[in-house]
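Structure below is upload-v4.txt: compact mmCIF, C-alpha atoms and all ligand atoms.
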# COMPACT_ATOMS: atom_id res chain seq x y z
CA MET A 1 59.18 136.23 125.82
CA GLU A 2 55.36 135.74 125.98
CA SER A 3 55.53 132.71 123.70
CA CYS A 4 58.08 131.16 126.06
CA ASP A 5 55.68 131.55 129.01
CA THR A 6 52.82 130.00 127.00
CA ASN A 7 54.96 127.00 126.10
CA THR A 8 55.95 126.46 129.72
CA LEU A 9 52.29 126.71 130.78
CA ALA A 10 51.19 124.22 128.12
CA TYR A 11 53.98 121.81 129.08
CA ASN A 12 53.14 121.96 132.79
CA SER A 13 49.42 121.53 132.12
CA SER A 14 49.90 118.50 129.91
CA SER A 15 52.03 116.77 132.55
CA SER A 16 49.68 117.50 135.49
CA LEU A 17 46.18 117.40 133.90
CA PRO A 18 44.65 114.76 131.62
CA VAL A 19 43.05 117.47 129.42
CA THR A 20 45.47 119.98 127.93
CA PRO A 21 43.80 123.38 127.68
CA GLN A 22 44.01 125.05 124.29
CA VAL A 23 46.47 127.92 123.99
CA VAL A 24 44.13 130.80 124.84
CA LEU A 25 44.15 133.73 122.45
CA SER A 26 43.25 137.06 123.98
CA PRO A 27 40.72 138.57 124.03
CA CYS A 28 38.31 135.64 123.77
CA ALA A 29 35.22 135.98 121.58
CA ALA A 30 33.01 136.49 124.65
CA CYS A 31 35.07 139.34 126.11
CA LYS A 32 35.43 140.96 122.69
CA ILE A 33 31.66 140.94 122.16
CA LEU A 34 30.97 142.05 125.75
CA ARG A 35 33.62 144.79 125.28
CA ARG A 36 35.41 143.89 128.48
CA ARG A 37 39.00 143.06 129.31
CA CYS A 38 39.75 139.36 128.96
CA ALA A 39 41.36 138.44 132.25
CA GLU A 40 44.11 135.83 132.46
CA LYS A 41 41.76 133.34 134.16
CA CYS A 42 38.71 134.22 132.01
CA VAL A 43 36.29 131.31 132.48
CA LEU A 44 34.90 131.76 128.96
CA ALA A 45 38.19 131.99 127.07
CA PRO A 46 38.92 128.23 126.67
CA TYR A 47 35.48 127.63 125.14
CA PHE A 48 34.87 130.77 123.10
CA PRO A 49 38.00 131.36 121.01
CA PRO A 50 38.15 134.59 119.01
CA THR A 51 38.11 132.47 115.83
CA GLU A 52 34.51 131.35 116.51
CA PRO A 53 32.54 134.45 117.55
CA ALA A 54 29.20 132.97 116.39
CA LYS A 55 29.27 130.39 119.19
CA PHE A 56 29.19 133.07 121.87
CA ILE A 57 26.74 135.32 119.98
CA ILE A 58 24.21 132.44 119.77
CA ALA A 59 24.60 131.27 123.39
CA HIS A 60 24.62 134.87 124.72
CA ARG A 61 21.41 135.71 122.84
CA VAL A 62 19.47 132.88 124.52
CA PHE A 63 21.15 132.36 127.91
CA GLY A 64 22.86 135.70 128.56
CA ALA A 65 26.53 136.09 129.42
CA SER A 66 26.05 136.14 133.21
CA ASN A 67 24.09 132.87 133.13
CA ILE A 68 26.72 131.22 130.92
CA ILE A 69 29.45 132.28 133.36
CA LYS A 70 27.35 131.09 136.34
CA PHE A 71 26.66 127.70 134.71
CA LEU A 72 30.36 127.19 133.92
CA GLN A 73 31.49 128.18 137.42
CA GLU A 74 29.14 125.59 138.94
CA LEU A 75 30.77 122.79 136.88
CA GLN A 76 34.06 120.93 137.02
CA GLU A 77 36.56 122.04 134.38
CA SER A 78 36.31 118.64 132.69
CA GLU A 79 32.54 119.16 132.23
CA ARG A 80 32.64 122.70 130.86
CA ALA A 81 33.46 121.98 127.20
CA ASP A 82 30.43 119.65 126.90
CA ALA A 83 28.25 122.17 128.74
CA VAL A 84 29.25 124.91 126.26
CA SER A 85 28.57 122.58 123.30
CA SER A 86 25.11 121.73 124.60
CA MET A 87 24.31 125.38 125.42
CA VAL A 88 25.32 126.45 121.91
CA TYR A 89 23.24 123.57 120.47
CA GLU A 90 20.22 124.42 122.60
CA ALA A 91 20.52 128.12 121.83
CA SER A 92 20.72 127.56 118.06
CA ALA A 93 17.69 125.24 118.27
CA ARG A 94 15.80 127.95 120.17
CA ILE A 95 16.75 130.59 117.58
CA ARG A 96 15.77 128.26 114.71
CA ASP A 97 12.49 127.23 116.38
CA PRO A 98 11.42 129.95 118.87
CA ILE A 99 8.36 127.97 120.01
CA TYR A 100 9.71 124.47 120.65
CA GLY A 101 13.51 124.83 120.47
CA CYS A 102 15.27 121.57 121.34
CA ALA A 103 11.96 119.99 122.39
CA GLY A 104 10.81 120.41 118.76
CA THR A 105 13.77 118.35 117.55
CA ILE A 106 13.14 115.69 120.22
CA CYS A 107 9.42 115.59 119.32
CA HIS A 108 10.24 115.27 115.60
CA LEU A 109 12.67 112.40 116.28
CA GLN A 110 10.16 110.72 118.62
CA ASN A 111 7.55 110.83 115.83
CA GLN A 112 10.08 109.26 113.46
CA VAL A 113 10.77 106.50 116.00
CA ASN A 114 7.02 105.84 116.35
CA GLU A 115 6.54 105.72 112.57
CA LEU A 116 9.49 103.35 112.13
CA GLU A 117 8.25 101.11 114.95
CA ALA A 118 4.83 100.92 113.27
CA GLN A 119 6.51 100.04 109.94
CA LEU A 120 8.60 97.38 111.67
CA ALA A 121 5.53 95.83 113.35
CA LYS A 122 3.74 95.78 109.96
CA ALA A 123 6.72 94.10 108.26
CA GLN A 124 6.95 91.51 111.07
CA ALA A 125 3.21 90.76 110.74
CA GLU A 126 3.70 90.27 106.97
CA ILE A 127 6.56 87.82 107.63
CA VAL A 128 4.36 85.77 110.01
CA ASN A 129 1.54 85.84 107.45
CA MET A 130 3.89 84.61 104.70
CA GLN A 131 5.25 81.85 106.95
CA VAL A 132 1.68 80.65 107.62
CA GLN A 133 0.94 80.73 103.86
CA GLN A 134 4.09 78.72 103.17
CA THR A 135 3.16 76.12 105.80
CA ASN A 136 -0.36 75.83 104.34
CA LEU A 137 1.04 75.49 100.84
CA MET A 138 3.48 72.76 101.91
CA SER A 139 0.73 70.74 103.64
CA LEU A 140 -1.49 71.18 100.56
CA ILE A 141 1.31 69.83 98.32
CA CYS A 142 1.78 66.84 100.67
CA THR A 143 -1.98 66.11 100.68
CA GLU A 144 -2.11 66.34 96.86
CA ALA A 145 0.84 63.98 96.55
CA ALA A 146 -0.77 61.42 98.89
CA GLN A 147 -4.02 61.47 96.87
CA SER A 148 -2.36 61.23 93.43
CA PRO A 149 -2.51 58.02 91.24
CA GLN A 150 -0.83 54.91 92.76
CA GLU A 151 2.09 54.63 90.36
CA LEU A 152 3.39 58.00 91.56
CA SER A 153 3.66 56.77 95.14
CA PRO A 154 6.73 54.61 95.85
CA GLN A 155 5.10 53.13 98.97
CA GLN A 156 2.06 52.02 96.91
CA SER A 157 4.36 50.34 94.33
CA VAL A 158 6.17 48.39 97.02
CA ASP A 159 2.84 47.31 98.48
CA ASN A 160 1.61 46.13 95.06
CA PHE A 161 4.82 44.22 94.47
CA SER A 162 4.70 42.41 97.76
CA GLU A 163 0.98 41.58 97.63
CA ASP A 164 0.33 40.75 93.96
CA ASN A 165 3.63 39.56 92.52
CA THR A 166 4.86 37.28 95.26
CA MET A 167 3.06 34.24 93.85
CA LEU A 168 4.23 34.95 90.31
CA LEU A 169 7.83 35.08 91.54
CA TRP A 170 7.73 31.92 93.62
CA GLU A 171 5.58 29.75 91.36
CA PRO A 172 8.31 28.91 88.76
CA LEU A 173 10.61 27.61 91.50
CA TRP A 174 8.07 24.92 92.48
CA ALA A 175 7.07 24.02 89.01
ZN ZN B 201 37.54 136.28 127.95

Let me see the file written as structure tokens.
Amino acid sequence: MESCDTNTLAYNSSSSLPVTPQVVLSPCAACKILRRRCAEKCVLAPYFPPTEPAKFIIAHRVFGASNIIKFLQELQESERADAVSSMVYEASARIRDPIYGCAGTICHLQNQVNELEAQLAKAQAEIVNMQVQQTNLMSLICTEAAQSPQELSPQQSVDNFSEDNTMLLWEPLWA
């Protein structure tokens, strides 16, 4: 008959609340580790299922069970899952790096951002430099072309034609 009650509870919750709570297995990981009875309205049970005991062990080691309970009670139910995730993340960072914890990760990422920004600025400066070189090269090519022998310049040929050959063309007509 217990499974029937659980189903009814889950059905009612899904129709009245946007977030359907997981079917809570008893005792939760927290209560099992704390060796206490997991009450029906255990605040830790939805976030520390017995299938994932490591989550509670890590958070408990850094924050302590009473602080975790206090933090969760101060939050809305919709905020608690994220709070547990961040507490577990922060606690594992603290265990991994006892000196800097999460701040060590932030500092490491900040250094990466700074290095990448410096690389980006360098690459952008190289692009500007190459664009200037290209412009200089193009103007050099144009100058060279303008100073090359006359037969290579179409404008010069036209000028020669109009100035020197006009008489030769017209003369036979008047002869
Ligand atoms: Zn519990």

remark   = Among A:Ile33, A:Leu109, A:Cys42, A:Ala83, ligand ZN 201 (chain B) is approached most closely, using only C-alpha atoms and all ligand atoms, by A:Cys42

Within 12 Å of ligand ZN 201 (chain B) (all atoms listed in the file), residues as a CSV table (one decimal) with C-alpha atoms, in the coordinates of the input:
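Final file, part19.csv:
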chain,number,residue,atom,x,y,z
A,24,VAL,CA,44.1,130.8,124.8
A,25,LEU,CA,44.2,133.7,122.4
A,26,SER,CA,43.2,137.1,124.0
A,27,PRO,CA,40.7,138.6,124.0
A,28,CYS,CA,38.3,135.6,123.8
A,29,ALA,CA,35.2,136.0,121.6
A,30,ALA,CA,33.0,136.5,124.6
A,31,CYS,CA,35.1,139.3,126.1
A,32,LYS,CA,35.4,141.0,122.7
A,33,ILE,CA,31.7,140.9,122.2
A,34,LEU,CA,31.0,142.0,125.8
A,35,ARG,CA,33.6,144.8,125.3
A,36,ARG,CA,35.4,143.9,128.5
A,37,ARG,CA,39.0,143.1,129.3
A,38,CYS,CA,39.8,139.4,129.0
A,39,ALA,CA,41.4,138.4,132.2
A,40,GLU,CA,44.1,135.8,132.5
A,41,LYS,CA,41.8,133.3,134.2
A,42,CYS,CA,38.7,134.2,132.0
A,43,VAL,CA,36.3,131.3,132.5
A,44,LEU,CA,34.9,131.8,129.0
A,45,ALA,CA,38.2,132.0,127.1
A,46,PRO,CA,38.9,128.2,126.7
A,47,TYR,CA,35.5,127.6,125.1
A,48,PHE,CA,34.9,130.8,123.1
A,49,PRO,CA,38.0,131.4,121.0
A,50,PRO,CA,38.2,134.6,119.0
A,53,PRO,CA,32.5,134.4,117.6
A,56,PHE,CA,29.2,133.1,121.9
A,65,ALA,CA,26.5,136.1,129.4
A,69,ILE,CA,29.4,132.3,133.4

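Atom CA of Thr51 of chain A lies 18.7 Å from atom CA of Arg80 of chain A.
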
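You can rank A:Ser85, A:Asn129, A:Gln134, A:Gln112 by their closest distance to Leu72 of chain A using only C-alpha atoms, and at the top of that list sits A:Ser85.
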
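Using only C-alpha atoms, the shortest contact distance between Glu90 of chain A and any of A:Cys107, A:Ala59, A:Val113, A:Val132 is found at A:Ala59.
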
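Note that atom CA of Ser92 of chain A and atom CA of Asn114 of chain A are 25.7 Å apart.
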
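Distances here use all atoms listed in the file; by that measure, the residue among A:Arg94, A:Lys70, A:Lys122, A:His108 closest to Ile58 of chain A is A:Arg94.
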
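Take atom CA of Val88 of chain A and atom CA of Ala54 of chain A: the distance between them is 9.4 Å.
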
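Among the candidates A:Gln119, A:Ile57, A:Tyr89, A:Ala81, the one nearest to Thr105 of chain A when counting all atoms listed in the file is A:Tyr89.
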